[in-house]
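Engineer: What follows is coords_31.txt; its format and atoms are compact mmCIF, C-alpha atoms.
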# COMPACT_ATOMS: atom_id res chain seq x y z
CA MET C 1 -13.50 -17.15 -3.18
CA ASN C 2 -11.14 -15.92 -5.90
CA GLU C 3 -8.79 -18.15 -7.77
CA PRO C 4 -5.52 -18.09 -5.85
CA TRP C 5 -2.66 -16.14 -7.39
CA GLY C 6 -0.36 -19.13 -7.59
CA PRO C 7 0.12 -22.80 -6.83
CA HIS C 8 1.77 -21.92 -3.49
CA ASP C 9 -1.42 -20.63 -1.86
CA LEU C 10 -2.43 -23.85 -0.12
CA GLY C 11 -4.31 -22.73 2.99
CA GLY C 12 -7.66 -24.48 3.34
CA GLN C 13 -7.16 -27.09 0.64
CA GLU C 14 -7.92 -30.71 1.33
CA GLY C 15 -5.28 -33.34 1.69
CA GLY C 16 -4.38 -36.63 3.28
CA PRO C 17 -2.65 -37.19 6.61
CA VAL C 18 0.50 -35.22 7.34
CA ASP C 19 3.62 -37.32 6.75
CA LEU C 20 5.35 -37.05 10.12
CA ALA C 21 8.60 -38.73 9.08
CA GLU C 22 11.67 -36.79 10.11
CA ARG C 23 14.21 -36.28 7.38
CA ASP C 24 17.73 -34.92 7.57
CA THR C 25 18.54 -32.06 5.24
CA ALA C 26 20.75 -33.38 2.41
CA TYR C 27 24.03 -31.58 1.75
CA TRP C 28 22.87 -30.36 -1.67
CA GLU C 29 19.87 -28.75 0.07
CA TRP C 30 22.17 -26.88 2.45
CA GLN C 31 24.16 -25.80 -0.62
CA ILE C 32 21.03 -24.39 -2.30
CA ASP C 33 20.08 -22.65 0.94
CA ALA C 34 23.58 -21.14 1.22
CA MET C 35 23.47 -20.07 -2.44
CA ILE C 36 20.27 -18.14 -1.80
CA ARG C 37 21.64 -16.44 1.29
CA LEU C 38 24.88 -15.57 -0.47
CA SER C 39 23.02 -14.31 -3.56
CA LEU C 40 21.14 -11.94 -1.24
CA LYS C 41 24.27 -10.91 0.62
CA LYS C 42 26.16 -10.24 -2.62
CA GLY C 43 23.29 -8.31 -4.16
CA LEU C 44 22.54 -10.75 -7.00
CA ILE C 45 18.98 -10.60 -5.71
CA SER C 46 17.70 -7.96 -3.35
CA ASP C 47 14.92 -9.61 -1.40
CA PHE C 48 13.32 -12.98 -0.66
CA ALA C 49 10.22 -11.53 -2.32
CA GLU C 50 11.91 -11.96 -5.70
CA LEU C 51 12.39 -15.66 -5.09
CA ARG C 52 8.90 -16.11 -3.74
CA ASP C 53 7.56 -14.39 -6.84
CA GLY C 54 9.51 -16.84 -9.00
CA ILE C 55 8.13 -19.81 -7.06
CA GLU C 56 4.58 -18.49 -7.32
CA GLN C 57 4.89 -18.41 -11.11
CA LEU C 58 5.75 -22.08 -11.38
CA THR C 59 2.98 -24.07 -13.02
CA GLN C 60 0.86 -26.02 -10.58
CA ASP C 61 2.25 -29.32 -11.85
CA ASP C 62 5.81 -28.16 -11.50
CA TYR C 63 5.11 -26.76 -8.03
CA ASP C 64 3.44 -29.94 -6.83
CA GLN C 65 6.16 -32.22 -8.15
CA CYS C 66 9.10 -30.26 -6.79
CA SER C 67 10.45 -30.47 -3.30
CA TYR C 68 11.05 -27.33 -1.26
CA TYR C 69 14.68 -26.78 -2.30
CA GLU C 70 14.02 -27.70 -5.93
CA ARG C 71 11.51 -24.85 -6.04
CA TRP C 72 14.02 -22.41 -4.58
CA ALA C 73 16.65 -23.60 -7.06
CA LYS C 74 14.33 -23.19 -10.04
CA SER C 75 13.24 -19.76 -8.92
CA LEU C 76 16.78 -18.49 -8.35
CA ALA C 77 17.90 -19.90 -11.72
CA HIS C 78 14.95 -18.20 -13.43
CA THR C 79 15.77 -14.86 -11.79
CA LEU C 80 19.52 -14.96 -12.42
CA VAL C 81 19.10 -16.03 -16.06
CA SER C 82 16.53 -13.31 -16.69
CA ARG C 83 18.99 -10.82 -15.20
CA GLY C 84 21.89 -12.04 -17.27
CA VAL C 85 23.99 -13.07 -14.26
CA VAL C 86 24.31 -16.43 -16.02
CA SER C 87 23.15 -17.28 -19.52
CA ASP C 88 20.67 -19.96 -20.41
CA GLU C 89 23.36 -21.69 -22.53
CA GLN C 90 25.87 -21.72 -19.67
CA LEU C 91 23.29 -23.13 -17.32
CA THR C 92 22.09 -25.82 -19.73
CA LYS C 93 25.68 -26.89 -20.35
CA GLN C 94 26.50 -26.98 -16.63
CA ILE C 95 23.36 -29.00 -15.83
CA GLU C 96 24.61 -31.54 -18.37
CA ASN C 97 28.03 -31.57 -16.65
CA VAL C 98 26.40 -32.17 -13.28
CA ARG C 99 24.29 -34.97 -14.73
CA ARG C 100 27.28 -36.65 -16.35
CA ARG C 101 29.33 -36.47 -13.18
CA GLN C 102 26.45 -37.82 -11.09
CA GLU C 103 25.91 -40.72 -13.48
CA ALA C 104 29.61 -41.51 -13.52
CA GLY C 105 29.44 -41.51 -9.71
CA THR C 106 32.18 -38.96 -9.27
CA MET S 1 6.80 6.14 11.05
CA ASN S 2 3.25 6.78 9.93
CA ALA S 3 0.61 6.62 12.63
CA PRO S 4 -1.36 3.35 12.41
CA LEU S 5 -4.77 3.67 10.74
CA PHE S 6 -6.28 0.92 12.90
CA ASP S 7 -6.23 0.19 16.63
CA VAL S 8 -6.12 -3.00 18.62
CA GLY S 9 -9.63 -4.47 18.88
CA GLN S 10 -10.94 -2.62 15.82
CA ARG S 11 -12.94 -4.60 13.29
CA VAL S 12 -11.45 -4.60 9.83
CA ARG S 13 -12.15 -6.23 6.49
CA ILE S 14 -9.41 -7.73 4.36
CA HIS S 15 -9.73 -6.71 0.72
CA ASP S 16 -11.02 -9.33 -1.65
CA ARG S 17 -8.77 -8.88 -4.65
CA THR S 18 -6.06 -10.85 -6.38
CA PRO S 19 -3.41 -8.71 -8.03
CA ALA S 20 -1.51 -10.68 -10.67
CA VAL S 21 1.73 -10.24 -8.78
CA HIS S 22 3.44 -11.62 -5.71
CA HIS S 23 1.46 -10.68 -2.58
CA ARG S 24 1.35 -12.01 0.94
CA VAL S 25 -2.37 -12.39 1.56
CA PRO S 26 -3.59 -15.99 1.45
CA ASN S 27 -6.70 -16.52 -0.61
CA TYR S 28 -8.70 -18.02 2.24
CA VAL S 29 -8.69 -14.78 4.28
CA LYS S 30 -9.60 -12.43 1.42
CA GLY S 31 -12.90 -10.64 2.07
CA GLN S 32 -12.95 -11.76 5.71
CA VAL S 33 -13.70 -9.56 8.70
CA GLY S 34 -11.55 -9.82 11.80
CA THR S 35 -10.23 -7.77 14.68
CA VAL S 36 -6.81 -6.20 15.09
CA GLU S 37 -4.92 -8.36 17.60
CA ARG S 38 -1.67 -6.41 17.46
CA VAL S 39 -0.26 -3.41 15.63
CA CYS S 40 3.16 -4.33 14.26
CA GLY S 41 5.97 -2.46 12.54
CA MET S 42 6.56 -1.09 9.06
CA HIS S 43 7.81 -3.39 6.31
CA GLY S 44 8.42 -3.24 2.57
CA GLU S 45 5.31 -3.64 0.42
CA PRO S 46 5.92 -6.76 -1.68
CA GLU S 47 3.64 -5.88 -4.63
CA LYS S 48 5.34 -2.55 -5.38
CA PHE S 49 8.81 -3.95 -4.81
CA ILE S 50 8.26 -6.77 -7.29
CA ARG S 51 6.93 -4.36 -9.91
CA GLY S 52 10.12 -2.35 -9.56
CA ASP S 53 8.14 0.45 -7.99
CA GLY S 54 10.44 1.09 -5.04
CA ASN S 55 10.01 -0.55 -1.69
CA PRO S 56 7.58 1.68 0.23
CA ARG S 57 7.02 0.62 3.80
CA GLN S 58 3.60 -0.26 5.09
CA ARG S 59 2.25 -1.02 8.53
CA ILE S 60 1.57 -4.68 9.34
CA TYR S 61 -1.25 -5.79 11.65
CA ARG S 62 -2.04 -9.17 13.12
CA ILE S 63 -5.69 -9.85 12.33
CA LYS S 64 -7.72 -12.35 14.33
CA ILE S 65 -10.54 -14.13 12.50
CA GLN S 66 -12.95 -16.58 14.11
CA GLN S 67 -12.63 -20.01 12.55
CA GLU S 68 -16.40 -20.51 12.30
CA ASN S 69 -16.53 -17.45 10.01
CA LEU S 70 -13.77 -18.81 7.79
CA TRP S 71 -15.04 -22.33 7.21
CA GLN S 72 -18.72 -23.25 7.07
CA GLU S 73 -18.23 -26.76 8.33
CA TYR S 74 -15.58 -25.89 10.93
CA GLN S 75 -15.14 -28.58 13.57
CA GLY S 76 -14.12 -27.15 16.91
CA SER S 77 -14.87 -24.50 19.49
CA VAL S 78 -16.66 -21.27 18.54
CA ARG S 79 -13.73 -19.52 20.22
CA ASP S 80 -11.13 -21.11 17.91
CA CYS S 81 -9.43 -18.49 15.81
CA LEU S 82 -6.89 -17.89 13.13
CA GLU S 83 -4.41 -15.02 13.19
CA VAL S 84 -2.68 -13.70 10.14
CA GLU S 85 -0.35 -10.78 9.29
CA ILE S 86 -1.83 -8.29 6.85
CA PHE S 87 -0.37 -5.08 5.40
CA GLU S 88 -2.35 -1.88 6.00
CA HIS S 89 -3.16 -1.32 2.31
CA TRP S 90 -5.14 -4.58 2.36
CA LEU S 91 -7.43 -3.44 5.20
CA GLU S 92 -10.49 -1.25 5.60
CA ALA S 93 -12.59 -0.44 8.66
CA ALA S 94 -15.60 -2.76 9.05
CA GLU S 95 -18.83 -2.29 10.95
CA MET F 1 13.72 -25.94 -18.58
CA THR F 2 12.10 -24.43 -15.51
CA ASN F 3 8.69 -24.91 -17.07
CA TYR F 4 7.24 -21.49 -16.38
CA GLU F 5 3.93 -20.65 -17.95
CA ASP F 6 4.40 -18.20 -20.80
CA ASP F 7 1.28 -16.36 -19.99
CA LYS F 8 -0.25 -16.73 -16.58
CA ASP F 9 -3.76 -18.00 -17.00
CA HIS F 10 -6.09 -17.93 -14.06
CA ASP F 11 -9.13 -19.26 -15.83
CA HIS F 12 -8.35 -22.91 -15.42
CA GLU F 13 -9.99 -24.81 -12.60
CA HIS F 14 -7.89 -25.80 -9.62
CA ASP F 15 -8.74 -29.13 -8.08
CA HIS F 16 -9.55 -28.95 -4.43
CA SER F 17 -7.55 -32.04 -3.77
CA ARG F 18 -4.14 -32.06 -5.36
CA THR F 19 -1.53 -34.74 -5.52
CA PHE F 20 1.77 -33.65 -4.10
CA GLN F 21 5.08 -35.41 -4.12
CA ALA F 22 6.45 -36.08 -0.69
CA ASP F 23 8.84 -33.30 0.21
CA HIS F 24 11.86 -35.34 -0.65
CA ALA F 25 14.23 -35.05 -3.56
CA GLU F 26 17.45 -36.66 -4.62
CA PRO F 27 20.43 -34.63 -5.83
CA THR F 28 19.72 -36.20 -9.21
CA SER F 29 16.28 -34.54 -9.48
CA ASP F 30 15.85 -31.88 -12.17
CA GLY F 31 15.52 -29.10 -9.64
CA ALA F 32 18.58 -30.21 -7.69
CA ARG F 33 20.64 -30.36 -10.87
CA ILE F 34 19.56 -26.86 -11.82
CA GLY F 35 20.56 -25.65 -8.37
CA LEU F 36 23.87 -27.47 -8.29
CA ALA F 37 24.76 -26.28 -11.78
CA LEU F 38 23.89 -22.69 -10.88
CA ARG F 39 25.98 -22.97 -7.72
CA GLU F 40 29.01 -24.09 -9.71
CA LEU F 41 28.58 -21.23 -12.19
CA LEU F 42 28.28 -18.62 -9.43
CA ILE F 43 31.37 -19.93 -7.65
CA GLU F 44 33.29 -20.16 -10.93
CA ALA F 45 32.39 -16.56 -11.78
CA GLY F 46 33.60 -15.45 -8.33
CA HIS F 47 30.23 -14.32 -6.96
CA TYR F 48 31.06 -16.26 -3.82
CA THR F 49 33.62 -18.83 -2.75
CA ALA F 50 33.31 -22.40 -1.54
CA GLU F 51 34.74 -21.22 1.81
CA GLU F 52 31.98 -18.65 2.19
CA GLU F 53 29.46 -21.36 1.40
CA GLN F 54 30.88 -23.58 4.13
CA THR F 55 30.75 -20.75 6.67
CA VAL F 56 27.10 -20.07 5.84
CA ILE F 57 26.19 -23.76 6.03
CA ALA F 58 27.97 -24.18 9.37
CA ALA F 59 26.11 -21.19 10.82
CA MET F 60 22.77 -22.54 9.60
CA GLN F 61 23.53 -25.99 11.02
CA ASP F 62 24.48 -24.42 14.32
CA ALA F 63 20.98 -23.07 15.01
CA SER F 64 18.75 -25.58 16.78
CA PRO F 65 15.63 -25.79 18.93
CA ARG F 66 17.93 -25.68 21.96
CA ASP F 67 18.08 -21.91 21.41
CA GLY F 68 14.30 -21.59 21.44
CA GLY F 69 14.22 -23.85 24.49
CA LYS F 70 16.60 -21.60 26.41
CA ILE F 71 14.43 -18.57 25.69
CA ALA F 72 11.27 -20.39 26.80
CA ALA F 73 12.95 -21.66 29.97
CA ARG F 74 14.05 -18.12 30.86
CA ALA F 75 10.44 -17.00 30.50
CA TRP F 76 9.32 -19.78 32.86
CA VAL F 77 11.70 -18.76 35.63
CA ASP F 78 11.57 -14.98 35.21
CA SER F 79 8.09 -13.50 35.04
CA GLU F 80 9.37 -10.03 34.14
CA TYR F 81 11.29 -11.51 31.22
CA LYS F 82 8.20 -13.43 30.16
CA LYS F 83 6.19 -10.22 30.11
CA ARG F 84 8.77 -8.57 27.86
CA LEU F 85 8.96 -11.66 25.62
CA LEU F 86 5.21 -11.75 25.03
CA ASP F 87 5.04 -7.99 24.55
CA ASN F 88 7.97 -7.56 22.14
CA GLY F 89 9.53 -10.87 21.24
CA ALA F 90 12.33 -9.52 19.08
CA ALA F 91 13.65 -7.14 21.76
CA ALA F 92 13.45 -9.76 24.51
CA ILE F 93 15.19 -12.37 22.37
CA ARG F 94 17.93 -9.90 21.47
CA GLU F 95 18.50 -9.36 25.22
CA LEU F 96 19.72 -12.95 25.36
CA GLY F 97 22.15 -12.34 22.51
CA TYR F 98 20.28 -13.88 19.59
CA GLU F 99 20.27 -12.16 16.21
CA ILE F 100 16.93 -12.39 14.46
CA GLU F 101 16.97 -9.43 12.08
CA PRO F 102 15.10 -8.36 10.04
CA TYR F 103 12.03 -10.03 11.43
CA GLU F 104 9.66 -9.08 14.18
CA PHE F 105 9.14 -11.89 16.57
CA THR F 106 5.90 -12.87 18.25
CA VAL F 107 5.80 -15.37 21.07
CA MET F 108 2.39 -16.88 21.85
CA GLU F 109 1.78 -18.42 25.26
CA ASN F 110 -0.05 -21.70 25.80
CA ASP F 111 -2.08 -21.95 28.98
CA ALA F 112 -4.79 -24.15 30.46
CA SER F 113 -7.41 -22.81 28.06
CA THR F 114 -5.39 -21.93 24.94
CA HIS F 115 -3.27 -23.85 22.48
CA ASN F 116 -1.24 -22.09 19.79
CA VAL F 117 0.10 -23.63 16.60
CA ILE F 118 2.19 -22.10 13.81
CA VAL F 119 2.14 -22.57 10.05
CA CYS F 120 3.12 -20.67 6.92
CA THR F 121 0.55 -21.54 4.27
CA LEU F 122 2.20 -19.54 1.48
CA CYS F 123 5.76 -20.75 1.63
CA SER F 124 6.99 -22.29 4.94
CA CYS F 125 8.40 -19.29 6.85
CA TYR F 126 9.95 -20.63 10.02
CA PRO F 127 12.02 -19.15 12.87
CA ARG F 128 15.23 -20.70 11.56
CA SER F 129 17.50 -18.54 13.70
CA LEU F 130 15.98 -19.92 16.92
CA LEU F 131 14.79 -23.39 15.92
CA GLY F 132 17.20 -24.40 13.17
CA MET F 133 16.06 -26.17 10.01
CA SER F 134 12.31 -26.68 9.75
CA PRO F 135 11.01 -30.25 9.83
CA ALA F 136 9.98 -31.84 6.53
CA TRP F 137 6.33 -31.97 7.62
CA TYR F 138 6.29 -28.22 8.30
CA LYS F 139 7.19 -27.67 4.64
CA SER F 140 4.74 -30.31 3.43
CA ALA F 141 1.74 -29.31 1.35
CA THR F 142 -0.66 -31.28 3.56
CA TYR F 143 0.37 -29.52 6.79
CA ARG F 144 0.25 -26.10 5.13
CA ALA F 145 -3.11 -26.81 3.49
CA ARG F 146 -4.92 -28.44 6.39
CA VAL F 147 -3.80 -26.95 9.71
CA VAL F 148 -5.59 -23.64 9.11
CA ARG F 149 -8.90 -25.35 8.35
CA GLU F 150 -8.90 -28.40 10.57
CA PRO F 151 -6.31 -27.70 13.27
CA ARG F 152 -7.81 -30.15 15.73
CA SER F 153 -7.62 -33.13 13.39
CA VAL F 154 -4.10 -32.25 12.30
CA LEU F 155 -3.04 -31.92 15.94
CA THR F 156 -4.55 -35.34 16.63
CA GLU F 157 -2.23 -36.78 14.00
CA PHE F 158 0.64 -35.38 16.07
CA GLY F 159 -0.79 -37.02 19.19
CA VAL F 160 -2.28 -33.82 20.62
CA ASN F 161 -5.90 -34.42 21.62
CA LEU F 162 -7.36 -31.13 22.76
CA ALA F 163 -10.36 -31.03 25.07
CA ASP F 164 -13.30 -28.93 23.81
CA ASP F 165 -12.67 -26.26 26.43
CA ILE F 166 -9.19 -25.54 25.10
CA ASP F 167 -9.29 -22.92 22.34
CA VAL F 168 -7.01 -23.27 19.34
CA ARG F 169 -5.23 -20.25 17.88
CA VAL F 170 -3.61 -20.93 14.52
CA HIS F 171 -0.96 -18.44 13.42
CA ASP F 172 -0.36 -18.15 9.69
CA SER F 173 3.06 -16.57 9.25
CA THR F 174 2.38 -14.65 6.05
CA ALA F 175 4.61 -11.60 6.04
CA GLU F 176 7.49 -10.29 8.10
CA LEU F 177 6.81 -11.78 11.50
CA ARG F 178 8.17 -14.99 12.90
CA TYR F 179 6.52 -16.97 15.66
CA MET F 180 7.34 -19.24 18.53
CA VAL F 181 5.02 -20.90 21.01
CA LEU F 182 5.79 -20.66 24.72
CA PRO F 183 4.71 -24.08 25.99
CA GLU F 184 3.21 -24.57 29.44
CA ARG F 185 5.67 -25.37 32.17
CA PRO F 186 4.97 -28.93 33.30
CA VAL F 187 3.85 -29.55 36.87
CA GLY F 188 6.46 -31.26 38.99
CA THR F 189 9.30 -28.99 37.83
CA GLU F 190 9.19 -26.56 40.75
CA GLY F 191 12.67 -25.54 41.78
CA TRP F 192 14.33 -26.92 38.63
CA SER F 193 17.27 -25.00 37.21
CA GLU F 194 16.83 -23.01 34.03
CA ALA F 195 19.18 -25.37 32.18
CA LYS F 196 17.29 -28.47 33.29
CA LEU F 197 14.01 -26.85 32.25
CA ALA F 198 15.42 -25.84 28.85
CA ALA F 199 16.38 -29.46 28.18
CA LEU F 200 12.72 -30.47 28.49
CA ILE F 201 11.59 -28.21 25.68
CA THR F 202 11.21 -29.79 22.25
CA ARG F 203 11.11 -28.32 18.77
CA ASP F 204 7.51 -29.42 18.26
CA SER F 205 6.37 -27.81 21.52
CA LEU F 206 7.79 -24.50 20.23
CA ILE F 207 5.85 -24.88 16.96
CA GLY F 208 2.70 -26.05 18.74
CA THR F 209 2.39 -29.58 17.39
CA GLN F 210 3.18 -30.91 20.85
CA ARG F 211 1.39 -29.70 23.98
CA ASP F 212 2.50 -31.64 27.04
CA LEU F 213 6.20 -31.82 27.77
CA VAL F 214 7.55 -35.06 29.17
CA LEU F 215 9.64 -34.97 32.33
CA SER F 216 12.93 -36.73 31.76
Would you write out, as structure tokens, the structure that this file holds?
Structural biologist:
Amino acid sequence: MNEPWGPHDLGGQEGGPVDLAERDTAYWEWQIDAMIRLSLKKGLISDFAELRDGIEQLTQDDYDQCSYYERWAKSLAHTLVSRGVVSDEQLTKQIENVRRRQEAGT
Amino acid sequence: MNAPLFDVGQRVRIHDRTPAVHHRVPNYVKGQVGTVERVCGMHGEPEKFIRGDGNPRQRIYRIKIQQENLWQEYQGSVRDCLEVEIFEHWLEAAE
Amino acid sequence: MTNYEDDKDHDHEHDHSRTFQADHAEPTSDGARIGLALRELLIEAGHYTAEEEQTVIAAMQDASPRDGGKIAARAWVDSEYKKRLLDNGAAAIRELGYEIEPYEFTVMENDASTHNVIVCTLCSCYPRSLLGMSPAWYKSATYRARVVREPRSVLTEFGVNLADDIDVRVHDSTAELRYMVLPERPVGTEGWSEAKLAALITRDSLIGTQRDLVLS
């Protein structure tokens, strides 16, 4: 077999038992989901394929350590920064704002 | 709509290649031979779209592959199968 | 920040057994912070509003396996409908007023000798419009990796022990189709109303990780 194209191509790999625990979707995950749908609707991105492409280019370590919505968030951020919709500086600054607010518990 | 190149029941081989771009063919079915289970509609070709090469539409087929052909040590019935959606440009007729 | 490889290198060896985090993240994770920060910037720049976000979230939260259950129950009581559903899922589902664009929809029927199960090995495609949010395990690396190769052992973990004379069909949702399993109608439900039948149908039975429905 070839090397897979990206870390997402998991079919046929080995792994432990499936974790069957049910988990409610957190509100921030719904917000990421909505952001993706609205980015499509508003034309900031034109197809899910763009986001999948971004996810497939994550390093294997990054892919394996991220949860589902973290991967979507990273991919959308990568795409929108590379398109100039937001700048890297703006995003870095805002991440810091989010972190500070979270740590202050507000 | 282009006429489908393959018919239901026809044996086809999935190309064994890995373009360095987003594509929707899982590695484990590349190079495999299966039969057309269903002829589906036309959809945008992801590889060209991602390269900024328009969004040409391609026929999708559902391809049925026997599990014992996919995995050497497969545990189960010889009739167990896997079905996967493959774009026409990834298929060729097989003997 | 997002830790992309500068130059994609396919020469390195991939381990066959990888260690994945459980699919669970706090809003304080790096990825969540990136997403939340991006969201604030997009709203601030007027690309969308917080009201639009709420409308989208409410619509997503509104979809649930009850919708898939209603479609399956209709197929149980109306054999002509069932024929249309299995032949062209999208058209038959639209008949009942559900919007599933832009996807094609394929409904696979379980019977005495066949069991169907659905996965998306590449990313976790799921019929959200008819089943609501996908379960965490459906998105997990272990389910995606293993169910295509060892479906019978994975199904056993879900409590489904298939006899040898039942064939397994695994459906890997790789492109533009979405799938739903039509479970077998349980014996002892003759004469039941469509609504009562629909209430029997579970999310997992529509994905194929449950086979026998329990009479309530």
Engineer: I'd like the contact shell of Trp90 in chain S - 12 Å cut-off, all atoms listed in the file, skipping same-chain residues fewer than 3 positions apart - returned as a VMD selection string.
Structural biologist: chain S and resid 5 to 6 12 to 19 23 to 26 29 to 33 45 to 47 58 to 61 63 85 to 87 93
Engineer: Rounded to one decimal, what separation in Å do you get between CA of Asp165 in chain F and CA of Arg84 in chain F?
Structural biologist: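 One can read the CA of Asp165 in chain F to CA of Arg84 in chain F distance as 27.8 Å.
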Engineer: Which residues, protein or nucleic acid, reach to within 6 Å of (-4.4, -8.0, 17.5) in the file's coordinates when using all atoms listed in the file, and can you give that as a count of residues only?
Structural biologist: 6
Engineer: Find the spatial neighbours of range 113-115 of chain F, counting all atoms listed in the file, within a cut-off of 12 Å - ignore same-chain residues fewer than 2 positions away - and output them as a PyMOL selection string.
Structural biologist: (chain S and resi 77+79-82) or (chain F and resi 108-111+117-118+151-152+155+160-171+181-184+205-212)
Engineer: Find the residues near Ala145 in chain F: any atom within 9 Å, counting all atoms listed in the file, skip ones fewer than 4 places away on the same chain, and give them as a ChimeraX atom specification.
Structural biologist: /C:9-15 /F:121,140-141,149
Engineer: Between S:Thr35, S:Gln67, S:Glu92, S:Gln75, single out the one closest to Val148 in chain F, counting only C-alpha atoms.
Structural biologist: S:Gln67
